[in-house]
Each structure stands twice: as C-alpha cells, then as structure tokens.
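Novice: run_12.cif is reproduced in full below (mmCIF, C-alpha atoms).
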data_my_file
#
loop_
_atom_site.label_atom_id
_atom_site.label_comp_id
_atom_site.auth_asym_id
_atom_site.auth_seq_id
_atom_site.Cartn_x
_atom_site.Cartn_y
_atom_site.Cartn_z
CA MET A 929 0.00 0.00 0.00
CA LEU A 930 2.87 2.35 0.80
CA THR A 931 4.44 1.68 -2.61
CA THR A 932 1.34 2.79 -4.51
CA HIS A 933 1.35 6.08 -2.65
CA ARG A 934 5.07 6.71 -3.01
CA LEU A 935 5.34 6.02 -6.74
CA PRO A 936 3.41 9.11 -7.88
CA LEU A 937 5.43 11.26 -5.49
CA GLN A 938 8.66 9.87 -6.94
CA VAL A 939 7.73 10.60 -10.54
CA LEU A 940 6.30 14.07 -9.86
CA PRO A 941 9.70 15.84 -10.04
CA ILE A 942 10.26 14.21 -13.45
CA LEU A 943 6.76 14.72 -14.82
CA SER A 944 6.28 18.31 -13.65
CA PRO A 945 8.90 19.93 -15.96
CA LEU A 946 7.71 17.84 -18.92
CA ILE A 947 4.10 18.85 -18.31
CA ALA A 948 5.17 22.50 -17.93
CA ILE A 949 7.03 22.46 -21.26
CA ALA A 950 4.19 20.65 -23.05
CA SER A 951 1.65 23.11 -21.62
CA ALA A 952 3.77 26.08 -22.68
CA LEU A 953 4.08 24.72 -26.23
CA LEU A 954 0.35 24.06 -26.32
CA VAL A 955 -0.57 27.59 -25.26
CA GLY A 956 2.16 28.86 -27.57
CA SER A 957 0.40 27.10 -30.45
CA LEU A 958 -2.69 29.17 -29.69
CA LEU A 959 -0.57 32.32 -29.93
CA ILE A 960 0.77 31.08 -33.27
CA VAL A 961 -2.80 30.55 -34.52
CA LEU A 962 -3.70 34.08 -33.43
CA ALA A 963 -0.68 35.29 -35.44
CA GLY A 964 -2.23 33.64 -38.50
CA ALA A 965 0.21 30.76 -38.83
CA ASN A 966 0.15 26.96 -38.63
CA PRO A 967 1.52 25.75 -35.25
CA ILE A 968 2.74 22.44 -36.66
CA ALA A 969 4.61 24.17 -39.49
CA ALA A 970 6.00 26.77 -37.10
CA TYR A 971 7.29 24.26 -34.53
CA THR A 972 8.64 22.01 -37.29
CA ALA A 973 10.62 24.93 -38.72
CA LEU A 974 11.83 25.97 -35.28
CA PHE A 975 13.09 22.61 -34.06
CA GLN A 976 14.27 21.29 -37.42
CA GLU A 977 16.45 24.34 -37.93
CA SER A 978 17.83 24.40 -34.40
CA LEU A 979 18.40 20.66 -33.89
CA SER A 980 18.62 18.81 -37.22
CA THR A 981 20.62 21.13 -39.51
CA TYR A 982 24.39 21.37 -39.20
CA PHE A 983 24.66 25.15 -38.95
CA GLY A 984 21.47 25.45 -36.88
CA PHE A 985 22.64 22.87 -34.35
CA GLY A 986 25.98 24.66 -34.11
CA ASN A 987 24.11 27.89 -33.39
CA THR A 988 22.05 26.08 -30.75
CA LEU A 989 25.20 24.82 -29.02
CA THR A 990 26.60 28.36 -29.08
CA LYS A 991 23.51 29.73 -27.32
CA MET A 992 23.40 26.76 -24.98
CA THR A 993 26.87 27.47 -23.59
CA PRO A 994 26.10 30.64 -21.57
CA LEU A 995 22.67 29.30 -20.59
CA LEU A 996 24.17 26.08 -19.26
CA LEU A 997 27.02 27.67 -17.31
CA THR A 998 24.86 30.38 -15.76
CA SER A 999 22.08 27.92 -14.93
CA LEU A 1000 24.58 25.72 -13.11
CA GLY A 1001 25.48 28.79 -11.06
CA VAL A 1002 21.84 29.37 -10.15
CA LEU A 1003 21.39 25.65 -9.42
CA VAL A 1004 24.30 25.32 -6.98
CA ALA A 1005 23.05 28.36 -5.07
CA LEU A 1006 19.55 26.89 -4.91
CA ARG A 1007 20.92 23.65 -3.47
CA ALA A 1008 22.15 25.72 -0.52
CA GLY A 1009 18.85 27.57 -0.22
CA GLN A 1010 20.22 30.76 -1.85
CA PHE A 1011 18.58 32.63 -4.72
CA ASN A 1012 21.20 33.90 -7.15
CA ILE A 1013 19.38 36.51 -9.25
CA GLY A 1014 22.72 38.05 -10.24
CA GLY A 1015 23.69 35.76 -13.11
CA GLU A 1016 23.40 38.59 -15.62
CA GLY A 1017 25.84 40.82 -13.78
CA GLN A 1018 28.19 37.91 -13.16
CA ILE A 1019 28.20 37.20 -16.91
CA TYR A 1020 29.24 40.81 -17.56
CA LEU A 1021 32.04 40.67 -14.99
CA GLY A 1022 33.31 37.36 -16.34
CA ALA A 1023 33.30 38.80 -19.85
CA LEU A 1024 35.26 41.79 -18.58
CA GLY A 1025 37.87 39.65 -16.83
CA SER A 1026 38.52 37.45 -19.86
CA ALA A 1027 38.53 40.44 -22.21
CA LEU A 1028 41.20 42.21 -20.15
CA VAL A 1029 43.45 39.15 -20.37
CA GLY A 1030 42.74 38.80 -24.09
CA LEU A 1031 43.49 42.46 -24.76
CA TYR A 1032 46.45 43.24 -22.52
CA VAL A 1033 48.28 39.93 -22.05
CA GLN A 1034 50.16 39.25 -25.26
CA GLY A 1035 52.73 36.78 -26.52
CA LEU A 1036 51.39 33.68 -24.79
CA PRO A 1037 50.66 30.38 -26.54
CA ALA A 1038 46.98 29.44 -26.73
CA LEU A 1039 47.62 26.51 -24.37
CA ILE A 1040 48.34 29.05 -21.61
CA HIS A 1041 46.40 32.10 -22.80
CA VAL A 1042 42.98 30.42 -23.05
CA PRO A 1043 43.05 28.87 -19.53
CA LEU A 1044 44.37 32.15 -18.12
CA ALA A 1045 41.53 34.16 -19.70
CA LEU A 1046 38.98 31.61 -18.48
CA THR A 1047 40.47 31.75 -14.98
CA PHE A 1048 40.12 35.53 -14.89
CA GLY A 1049 36.55 35.24 -16.18
CA PHE A 1050 35.75 32.79 -13.39
CA ALA A 1051 37.51 34.98 -10.80
CA PHE A 1052 35.74 38.21 -11.80
CA GLY A 1053 32.34 36.48 -11.78
CA SER A 1054 33.18 34.78 -8.49
CA VAL A 1055 33.91 38.14 -6.84
CA TRP A 1056 30.49 39.34 -7.99
CA GLY A 1057 28.97 36.31 -6.28
CA LEU A 1058 31.10 36.52 -3.14
CA ILE A 1059 29.87 40.06 -2.37
CA PRO A 1060 26.20 39.08 -1.84
CA GLY A 1061 27.36 35.78 -0.29
CA TYR A 1062 29.36 37.64 2.35
CA LEU A 1063 26.57 40.15 2.95
CA LYS A 1064 24.07 37.31 3.45
CA ALA A 1065 26.30 35.13 5.62
CA VAL A 1066 27.83 37.83 7.82
CA ARG A 1067 25.36 40.71 7.71
CA GLY A 1068 22.11 38.90 7.01
CA VAL A 1069 21.33 40.98 3.91
CA ASN A 1070 18.85 39.30 1.57
CA GLU A 1071 20.76 37.85 -1.39
CA VAL A 1072 17.87 38.40 -3.81
CA ILE A 1073 18.17 42.16 -3.36
CA THR A 1074 21.96 42.34 -3.48
CA THR A 1075 22.39 40.05 -6.50
CA LEU A 1076 19.67 41.91 -8.37
CA LEU A 1077 21.16 45.33 -7.66
CA LEU A 1078 24.67 44.16 -8.53
CA ASN A 1079 23.38 43.35 -12.02
CA TYR A 1080 22.86 47.04 -12.72
CA ILE A 1081 26.30 47.95 -11.42
CA ALA A 1082 27.98 45.33 -13.60
CA VAL A 1083 26.06 46.24 -16.76
CA ASN A 1084 26.76 49.95 -16.33
CA LEU A 1085 30.41 49.34 -15.43
CA VAL A 1086 30.98 47.41 -18.65
CA SER A 1087 29.01 50.03 -20.58
CA TYR A 1088 31.25 52.79 -19.23
CA LEU A 1089 34.44 50.88 -19.98
CA VAL A 1090 33.58 50.06 -23.59
CA GLN A 1091 32.44 53.62 -24.21
CA ASN A 1092 35.60 55.13 -22.76
CA PRO A 1093 38.94 53.46 -21.85
CA LEU A 1094 38.34 50.14 -23.63
CA LYS A 1095 36.59 51.48 -26.73
CA GLU A 1096 38.30 50.72 -30.01
CA PRO A 1097 39.30 53.97 -31.78
CA ASN A 1098 36.79 55.05 -34.45
CA ALA A 1099 34.43 52.20 -33.56
CA PRO A 1100 30.86 52.95 -34.78
CA SER A 1101 29.37 51.56 -31.55
CA PRO A 1102 30.71 50.82 -28.07
CA TYR A 1103 32.99 47.79 -28.19
CA SER A 1104 36.61 46.96 -27.45
CA ALA A 1105 39.36 45.91 -29.82
CA LEU A 1106 39.63 42.25 -30.82
CA ILE A 1107 41.15 39.99 -28.20
CA ALA A 1108 44.33 38.14 -29.12
CA LYS A 1109 43.96 35.09 -31.37
CA SER A 1110 45.68 33.00 -28.73
CA ALA A 1111 42.86 33.83 -26.26
CA GLN A 1112 40.05 32.72 -28.58
CA LEU A 1113 38.22 29.42 -28.11
CA PRO A 1114 38.49 27.05 -31.08
CA ILE A 1115 35.53 26.16 -33.29
CA ILE A 1116 34.51 22.52 -32.76
CA LEU A 1117 32.12 22.22 -35.73
CA PRO A 1118 33.86 23.67 -38.80
CA GLY A 1119 31.62 26.00 -40.79
CA SER A 1120 29.36 26.69 -37.82
CA LEU A 1121 29.39 28.97 -34.79
CA ALA A 1122 29.84 26.16 -32.26
CA HIS A 1123 32.97 26.67 -30.17
CA ALA A 1124 34.72 24.81 -27.36
CA GLY A 1125 32.71 26.69 -24.74
CA ILE A 1126 30.03 24.00 -24.90
CA LEU A 1127 32.65 21.40 -23.94
CA LEU A 1128 33.61 23.64 -21.03
CA GLY A 1129 29.95 23.83 -20.00
CA LEU A 1130 29.46 20.06 -20.14
CA MET A 1131 32.69 19.53 -18.21
CA ALA A 1132 31.52 22.02 -15.58
CA ALA A 1133 28.20 20.14 -15.33
CA GLY A 1134 30.01 16.85 -14.74
CA ILE A 1135 32.33 18.32 -12.13
CA LEU A 1136 29.42 20.02 -10.37
CA TRP A 1137 27.46 16.76 -10.30
CA VAL A 1138 30.38 14.99 -8.64
CA LEU A 1139 30.77 17.89 -6.21
CA LEU A 1140 27.11 17.92 -5.22
CA VAL A 1141 26.50 14.17 -5.11
CA ARG A 1142 29.83 12.57 -4.22
CA SER A 1143 31.73 15.04 -2.03
CA PRO A 1144 31.55 16.19 1.60
CA LEU A 1145 31.04 19.77 0.39
CA GLY A 1146 28.01 18.63 -1.58
CA TYR A 1147 26.59 17.09 1.58
CA GLN A 1148 27.17 20.34 3.46
CA ILE A 1149 25.50 22.35 0.68
CA ALA A 1150 22.45 20.08 0.70
CA ALA A 1151 22.26 20.14 4.50
CA VAL A 1152 22.42 23.94 4.65
CA GLY A 1153 19.76 24.19 1.95
CA PHE A 1154 17.48 21.74 3.77
CA ASN A 1155 17.88 23.06 7.31
CA PRO A 1156 20.53 25.66 8.18
CA VAL A 1157 19.71 25.56 11.89
CA ALA A 1158 20.20 21.79 12.15
CA SER A 1159 23.33 22.09 10.00
CA ARG A 1160 24.84 24.58 12.41
CA TYR A 1161 24.13 22.27 15.37
CA SER A 1162 25.79 19.39 13.52
CA GLY A 1163 29.00 21.39 13.18
CA ILE A 1164 28.65 22.69 9.62
CA SER A 1165 29.68 26.31 9.09
CA VAL A 1166 26.57 27.71 7.46
CA GLU A 1167 28.17 31.09 6.82
CA ARG A 1168 31.23 29.61 5.11
CA THR A 1169 29.06 27.31 3.01
CA ILE A 1170 26.92 30.21 1.80
CA ILE A 1171 29.99 32.26 0.88
CA VAL A 1172 31.59 29.33 -0.97
CA VAL A 1173 28.38 28.51 -2.83
CA MET A 1174 27.75 32.09 -3.95
CA GLY A 1175 31.37 32.45 -5.05
CA LEU A 1176 31.08 29.24 -7.07
CA ALA A 1177 27.75 30.39 -8.54
CA GLY A 1178 29.26 33.68 -9.62
CA GLY A 1179 32.31 31.95 -11.06
CA LEU A 1180 30.21 29.63 -13.23
CA ALA A 1181 28.26 32.59 -14.60
CA GLY A 1182 31.56 34.39 -15.10
CA LEU A 1183 32.71 31.49 -17.28
CA ALA A 1184 29.57 32.03 -19.36
CA GLY A 1185 30.61 35.63 -19.97
CA ALA A 1186 34.17 34.55 -20.75
CA ALA A 1187 32.90 32.01 -23.28
CA GLU A 1188 30.82 34.70 -25.00
CA VAL A 1189 33.86 36.95 -25.42
CA MET A 1190 36.37 34.22 -26.25
CA GLY A 1191 34.19 32.01 -28.44
CA SER A 1192 31.48 34.15 -30.03
CA LYS A 1193 32.19 37.86 -30.12
CA PHE A 1194 35.99 38.09 -29.66
CA ARG A 1195 35.41 41.58 -28.24
CA LEU A 1196 33.83 43.10 -25.17
CA PHE A 1197 30.52 44.61 -26.26
CA GLU A 1198 28.23 46.94 -24.35
CA SER A 1199 25.51 44.28 -24.49
CA VAL A 1200 27.34 41.09 -23.61
CA SER A 1201 24.23 39.12 -22.75
CA PRO A 1202 20.71 39.27 -24.24
CA GLY A 1203 19.25 38.16 -20.91
CA TYR A 1204 20.96 34.79 -20.42
CA GLY A 1205 21.22 35.44 -16.70
CA PHE A 1206 17.46 35.74 -16.32
CA ASP A 1207 16.74 32.74 -18.57
CA ALA A 1208 19.09 30.78 -16.32
CA ILE A 1209 16.79 31.34 -13.35
CA ALA A 1210 13.92 29.75 -15.25
CA ILE A 1211 16.11 26.86 -16.41
CA ALA A 1212 17.37 26.12 -12.89
CA PHE A 1213 13.85 26.09 -11.44
CA LEU A 1214 12.54 24.02 -14.34
CA SER A 1215 15.33 21.48 -13.79
CA ARG A 1216 14.21 20.84 -10.20
CA GLY A 1217 17.73 20.68 -8.74
CA SER A 1218 19.06 18.17 -11.28
CA VAL A 1219 22.33 18.84 -13.09
CA LEU A 1220 21.22 16.62 -15.98
CA GLY A 1221 17.94 18.53 -16.02
CA VAL A 1222 19.88 21.79 -16.39
CA VAL A 1223 21.75 20.37 -19.41
CA LEU A 1224 18.56 19.23 -21.14
CA THR A 1225 16.56 22.36 -20.32
CA SER A 1226 19.42 24.60 -21.46
CA LEU A 1227 19.35 22.74 -24.77
CA PHE A 1228 15.58 23.32 -25.04
CA PHE A 1229 15.85 27.05 -24.32
CA ALA A 1230 18.82 27.35 -26.70
CA ALA A 1231 16.85 25.60 -29.44
CA LEU A 1232 14.01 28.08 -28.96
CA ARG A 1233 16.41 31.02 -29.31
CA SER A 1234 18.28 29.45 -32.23
CA GLY A 1235 15.23 28.59 -34.32
CA ALA A 1236 13.21 31.73 -33.59
CA ASN A 1237 14.41 33.70 -36.63
CA VAL A 1238 13.82 30.77 -38.98
CA MET A 1239 10.32 30.31 -37.58
CA GLN A 1240 9.63 33.97 -38.24
CA ARG A 1241 10.90 33.80 -41.83
CA SER A 1242 9.36 30.47 -42.86
CA ALA A 1243 6.11 30.47 -40.87
CA GLY A 1244 5.52 34.19 -40.35
CA VAL A 1245 5.49 33.87 -36.56
CA PRO A 1246 6.93 36.80 -34.56
CA ILE A 1247 10.02 36.07 -32.46
CA THR A 1248 8.16 37.39 -29.44
CA VAL A 1249 6.12 34.17 -29.45
CA VAL A 1250 9.30 32.28 -28.50
CA TYR A 1251 9.85 34.58 -25.53
CA ALA A 1252 6.21 34.10 -24.59
CA ILE A 1253 6.73 30.32 -24.62
CA GLN A 1254 9.73 30.73 -22.30
CA GLY A 1255 7.65 32.84 -19.94
CA LEU A 1256 4.77 30.37 -20.08
CA THR A 1257 7.16 27.55 -19.20
CA VAL A 1258 8.15 29.40 -16.03
CA LEU A 1259 4.50 30.06 -15.22
CA PHE A 1260 3.53 26.43 -15.63
CA ILE A 1261 6.46 25.13 -13.60
CA ALA A 1262 5.42 27.50 -10.80
CA ILE A 1263 1.89 26.11 -10.98
CA SER A 1264 3.22 22.54 -10.98
CA LEU A 1265 5.33 23.27 -7.91
CA ALA A 1266 2.27 24.57 -6.08
CA VAL A 1267 0.23 21.55 -7.08
CA GLU A 1268 3.03 19.16 -6.15
CA LYS A 1269 3.40 20.80 -2.74
CA ARG A 1270 -0.32 20.41 -2.12
CA ILE A 1271 -0.27 16.73 -3.18
CA THR A 1272 2.76 16.07 -0.96
CA SER A 1273 1.21 17.77 2.06
CA ASN A 1274 -2.04 15.81 1.64
CA SER A 1275 -0.33 12.42 1.21
#
Could the structure of this file be written out as structure tokens, please?

Specialist:
Amino acid sequence: MLTTHRLPLQVLPILSPLIAIASALLVGSLLIVLAGANPIAAYTALFQESLSTYFGFGNTLTKMTPLLLTSLGVLVALRAGQFNIGGEGQIYLGALGSALVGLYVQGLPALIHVPLALTFGFAFGSVWGLIPGYLKAVRGVNEVITTLLLNYIAVNLVSYLVQNPLKEPNAPSPYSALIAKSAQLPIILPGSLAHAGILLGLMAAGILWVLLVRSPLGYQIAAVGFNPVASRYSGISVERTIIVVMGLAGGLAGLAGAAEVMGSKFRLFESVSPGYGFDAIAIAFLSRGSVLGVVLTSLFFAALRSGANVMQRSAGVPITVVYAIQGLTVLFIAISLAVEKRITSNS
C-alpha cells in the first residue's frame, strides 16, 4: 500500500517539468494561430532548424553554452537555499575579466592564454557572487536584493568601460578591440558557430554533479539548503558554506561571460548578454535541482532562441512568441510546484 502512494510522489519531479514544457508549447500554439500561422509548421521549422541542420545545431550549441554555465550557477546556489538573481551581472564581470586578459596579455601560446583568460573570467564572476554571499552570511542581507542590484552595477560598469577606456578607436558603436587570437576558443564544428565553450559547460556540469552528489562539500551544501539551523548544530559552518556557494555560482556565470567573449564575439561589447542570466533562473527552477535537467533544459531554451528567426521567416510567426513560450514555461512550472506541494502535504 505504501508503494502505490510513493510512486506518484517519486515521478512528480520528473513529470512536472515535462508537463510545464508541453503546456507552454500548447498555449504557444494558440498564440501562433492568433498570429495567423500553422503551429505544426512553425514548430517544425523551429526545431528542425535548431536541432537537425548542421549550422542550426551549431548555433544552438553556441547559445546553450552561456545558458548552461549560468544555470549551473543558479542551481548550486539553490541547493544551498540561496537565490542567485545576479547571473546577468556575473556574466558581464566574467566577460570583462577574460577580455582584459585577451586584450592586454600578449605573446602567450593558446595553451596558456585560453586557460588564463577563463580563470580571470571565473575569478571576476566569483567576486560578484562573493559580495552578496558575504553580505548574506555575515550581515544577514537578503541575497535576492543584493544580487539583483549588482546586475545594474555590472552592466553599467561594462558600458562605461567600452564607451571610454576600452573602446576601439573610431568604432561605430561601443565595443573593445579584438582579443588576441591565442585567447580565442576554437571552433569545434567547422563552418558553424559552435565553439569549445560547450565542452567547457558540459565539463563544468560533470564536475558540479560529482561535487554535489559525491563530495563532503556537496553534503554540506544540501544540509544547509534543507535546514541551516540543524546544519549549524551538527558542526557545519553555514556562513562559510553560503559564501563558498555564492562564489562558485558567480564563477560559473563568469565562465559564461568569458565564453561569450572568447568564443562568439571576440570583443567586449556593451551588451554582452541578451538576458541569459534571467533565462538561467527559469532553467534552474525548471530542472528541479538536477544537473542533468539543467543540461537538457538549457538545450531546449537554446533551441528556442536558435530557431526563432527561422520560424519567423518560414512560418511568419513573430520572435516574441518564442519569448512568450519561455515565460509560459516558467508560469507552468510555478503552478506545478504549487500543485506538487499540495499533493505532498495531503499524502
């Protein structure tokens, strides 16, 4: 009798994201109909272009890279009960750190230059995560507020730098000079936009899984996220764990910014990210604390972004429908969480 009651509760975390995505696509099809297009033709064009064509899949992997890395940063913070809303700002700081190494460190072989630029990207993003982590752990300041406000500081800092000291002379818009060739990530699918950043993202996902599931630190992170009071009584330093987790979260998002500069743009632009940091929040929540879920959901969101232009050209569907589908996915996962909580409390 116990087994029949437990089984639905065990599959709920798996079914909820799938139902949320299916519901979002279903409502999205109604929006497509209202736009005067055929939903089947529109979705076929979107997913065929982004997943089954060589160049389209390469573009999907390119967009997946920052989504995956930043989502992992949001995920690790969530496992410790912290809400990292600062992924966008951490992306900007990571992009800045890697760009500085790519611009001002010259004469190094790629074997040294690339890891060095990535390290600085991680470090700059990590600092932007450590600030709210310290304020939360030591001063009790809500991390949602600090991470959110730090986004604006980071975006405006990069904007100032590329409009003034870092701006390339005679550039028509705010951006820096090209980073050194030795600091650029190699293309992994010739003739496409896919670069080695996706390999970095998948490697980070594997390492994070081992850290969270197989290490003492992972146990501490889970314990603090589940019950910080009990964790403190058991001898775990809650404050240190929060600081470490937020620093790691910021560093992962910083790697996302570094990958954008080193693999896609090769410059520091005023608009480094088109909102990857905010999409990452949705991806992390949709993934329900699973690293594998983050990988798959990042691929789904990247496919939506990658195929949006083709869907607009071939099916006449506005790109805004894709962003509506992303928003609907978040809405439906929030509803599923509420329903799941009610089912769990009544069982």

Novice: Can you work out the spacing between atom CA of A:Pro1118 and atom CA of A:Ala1027 in Å, to one decimal?

Specialist: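 Calculated distance between atom CA of A:Pro1118 and atom CA of A:Ala1027 is 24.0 Å.
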
Novice: Using the chain letters and numbering of this document, enumerate as a short mmCIF file (atom, residue, chain, number, x, y, z; two decimals) with C-alpha atoms, in the frame of the given file the residues selected by the PyMOL selection byres ((chain A and resi 989) around 9).

Specialist:
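part-v9.cif was written with the following content:
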data_model
loop_
_atom_site.label_atom_id
_atom_site.label_comp_id
_atom_site.auth_asym_id
_atom_site.auth_seq_id
_atom_site.Cartn_x
_atom_site.Cartn_y
_atom_site.Cartn_z
CA GLY A 984 21.47 25.45 -36.88
CA PHE A 985 22.64 22.87 -34.35
CA GLY A 986 25.98 24.66 -34.11
CA ASN A 987 24.11 27.89 -33.39
CA THR A 988 22.05 26.08 -30.75
CA THR A 990 26.60 28.36 -29.08
CA LYS A 991 23.51 29.73 -27.32
CA MET A 992 23.40 26.76 -24.98
CA THR A 993 26.87 27.47 -23.59
CA LEU A 1121 29.39 28.97 -34.79
CA ALA A 1122 29.84 26.16 -32.26
CA HIS A 1123 32.97 26.67 -30.17
CA GLY A 1125 32.71 26.69 -24.74
CA ILE A 1126 30.03 24.00 -24.90
CA LEU A 1227 19.35 22.74 -24.77
CA ALA A 1230 18.82 27.35 -26.70
CA ALA A 1231 16.85 25.60 -29.44
CA SER A 1234 18.28 29.45 -32.23
#

Novice: Report, in Å to a single decimal, how far apart atom CA of A:Gly1129 and atom CA of A:Gln976 are.

Specialist: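 Computing the Euclidean distance for atom CA of A:Gln976 and atom CA of A:Gly1129 yields 23.6 Å.
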
Novice: List the spatial neighbours of A:Tyr1062 as a list in words - criterion: any atom at most 10 Å away, all atoms listed in the file, same-chain residues fewer than 6 positions off excluded.

Specialist: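 These residues fall inside the cut-off: Gly1068, Val1069, Glu1071, Glu1167, Arg1168, Ile1170, Ile1171, Val1172, Met1174 and Gly1175 of chain A.
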
Novice: Starting from the shown file, work through the PyMOL selection byres ((chain A and resi 1229) around 12) and note down what comes out as number ranges by chain.

Specialist: A: 949, 974-975, 978-979, 988-996, 999, 1204, 1206-1212, 1214-1215, 1222-1228, 1230-1236, 1250-1255, 1257-1258

Novice: With 8 Å as the threshold, what does the neighbourhood of (22.6, 22.5, -5.7) contain in terms of residues, counting all atoms listed in the file? Coordinates are those of the file; answer as number ranges by chain.

Specialist: A: 1003-1008, 1140, 1146, 1149-1150, 1217-1218

Novice: Save out the residues we just selected, C-alpha atoms, as a short mmCIF file (atom, residue, chain, number, x, y, z; two decimals), keeping the file's coordinate frame.

Specialist:
data_model
loop_
_atom_site.label_atom_id
_atom_site.label_comp_id
_atom_site.auth_asym_id
_atom_site.auth_seq_id
_atom_site.Cartn_x
_atom_site.Cartn_y
_atom_site.Cartn_z
CA LEU A 1003 21.39 25.65 -9.42
CA VAL A 1004 24.30 25.32 -6.98
CA ALA A 1005 23.05 28.36 -5.07
CA LEU A 1006 19.55 26.89 -4.91
CA ARG A 1007 20.92 23.65 -3.47
CA ALA A 1008 22.15 25.72 -0.52
CA LEU A 1140 27.11 17.92 -5.22
CA GLY A 1146 28.01 18.63 -1.58
CA ILE A 1149 25.50 22.35 0.68
CA ALA A 1150 22.45 20.08 0.70
CA GLY A 1217 17.73 20.68 -8.74
CA SER A 1218 19.06 18.17 -11.28
#

Novice: Extract, using all atoms listed in the file, all DNA, RNA and protein residues at most 9 Å from A:Leu1113, discarding same-chain residues fewer than 3 positions from it, and format them as a list in words.

Specialist: Ala1038, Val1042, Lys1109, Ser1110, His1123, Ala1124, Gly1125, Ala1187, Met1190, Gly1191 and Ser1192 of chain A

Novice: Would you compute the distance between atom CA of A:Arg1160 and atom CA of A:Tyr1147? Give it in Å to one decimal.

Specialist: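 Taking atom CA of A:Arg1160 as the start and atom CA of A:Tyr1147 as the end point, the length is 13.3 Å.
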
Novice: Excluding A:Val1245 and residues on its chain fewer than 4 positions from it, collect all residues at most 8 Å away from it, counting all atoms listed in the file, and give them as JSON, numbers by chain.

Specialist: {"A": [960, 963, 964, 965, 970, 1239, 1240, 1241, 1249]}

Novice: For A:Thr981, which residue out of A:Ser1120, A:Asn1237, A:Ala1082, A:Val1189 is the nearest one, using all atoms listed in the file?

Specialist: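 Selected residue with least distance to A:Thr981: A:Ser1120.
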
Novice: Once the PyMOL selection byres ((chain A and resi 944) around 10) is applied to the coordinates I shared, what remains selected? I want it as a list in words.

Specialist: Val939, Leu940, Pro941, Ile942, Leu943, Pro945, Leu946, Ile947, Ala948, Ile949, Ala950, Leu1214, Ser1215, Arg1216, Phe1260, Ile1261, Ala1262, Ile1263, Ser1264, Leu1265, Val1267 and Glu1268 of chain A

Novice: Of the candidates A:Leu997, A:Leu1039, A:Ser1162, A:Leu1256, which shows the shortest atom-to-atom distance to A:Leu954, using all atoms listed in the file?

Specialist: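 Nearest to A:Leu954: A:Leu1256.
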
Novice: Excluding A:Ser1087 and any residue of its chain fewer than 3 positions from it, enumerate the residues within 12 Å of it, using all atoms listed in the file, and give them as a compact mmCIF listing (two decimals) with C-alpha atoms, in the frame of the given file.

Specialist:
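Wrote result.txt, looks like this:
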# COMPACT_ATOMS: atom_id res chain seq x y z
CA GLY A 1017 25.84 40.82 -13.78
CA TYR A 1020 29.24 40.81 -17.56
CA LEU A 1021 32.04 40.67 -14.99
CA LEU A 1024 35.26 41.79 -18.58
CA TYR A 1080 22.86 47.04 -12.72
CA ILE A 1081 26.30 47.95 -11.42
CA ALA A 1082 27.98 45.33 -13.60
CA VAL A 1083 26.06 46.24 -16.76
CA ASN A 1084 26.76 49.95 -16.33
CA VAL A 1090 33.58 50.06 -23.59
CA GLN A 1091 32.44 53.62 -24.21
CA ASN A 1092 35.60 55.13 -22.76
CA PRO A 1093 38.94 53.46 -21.85
CA LEU A 1094 38.34 50.14 -23.63
CA LYS A 1095 36.59 51.48 -26.73
CA SER A 1101 29.37 51.56 -31.55
CA PRO A 1102 30.71 50.82 -28.07
CA TYR A 1103 32.99 47.79 -28.19
CA SER A 1104 36.61 46.96 -27.45
CA LEU A 1196 33.83 43.10 -25.17
CA PHE A 1197 30.52 44.61 -26.26
CA GLU A 1198 28.23 46.94 -24.35
CA SER A 1199 25.51 44.28 -24.49
CA VAL A 1200 27.34 41.09 -23.61
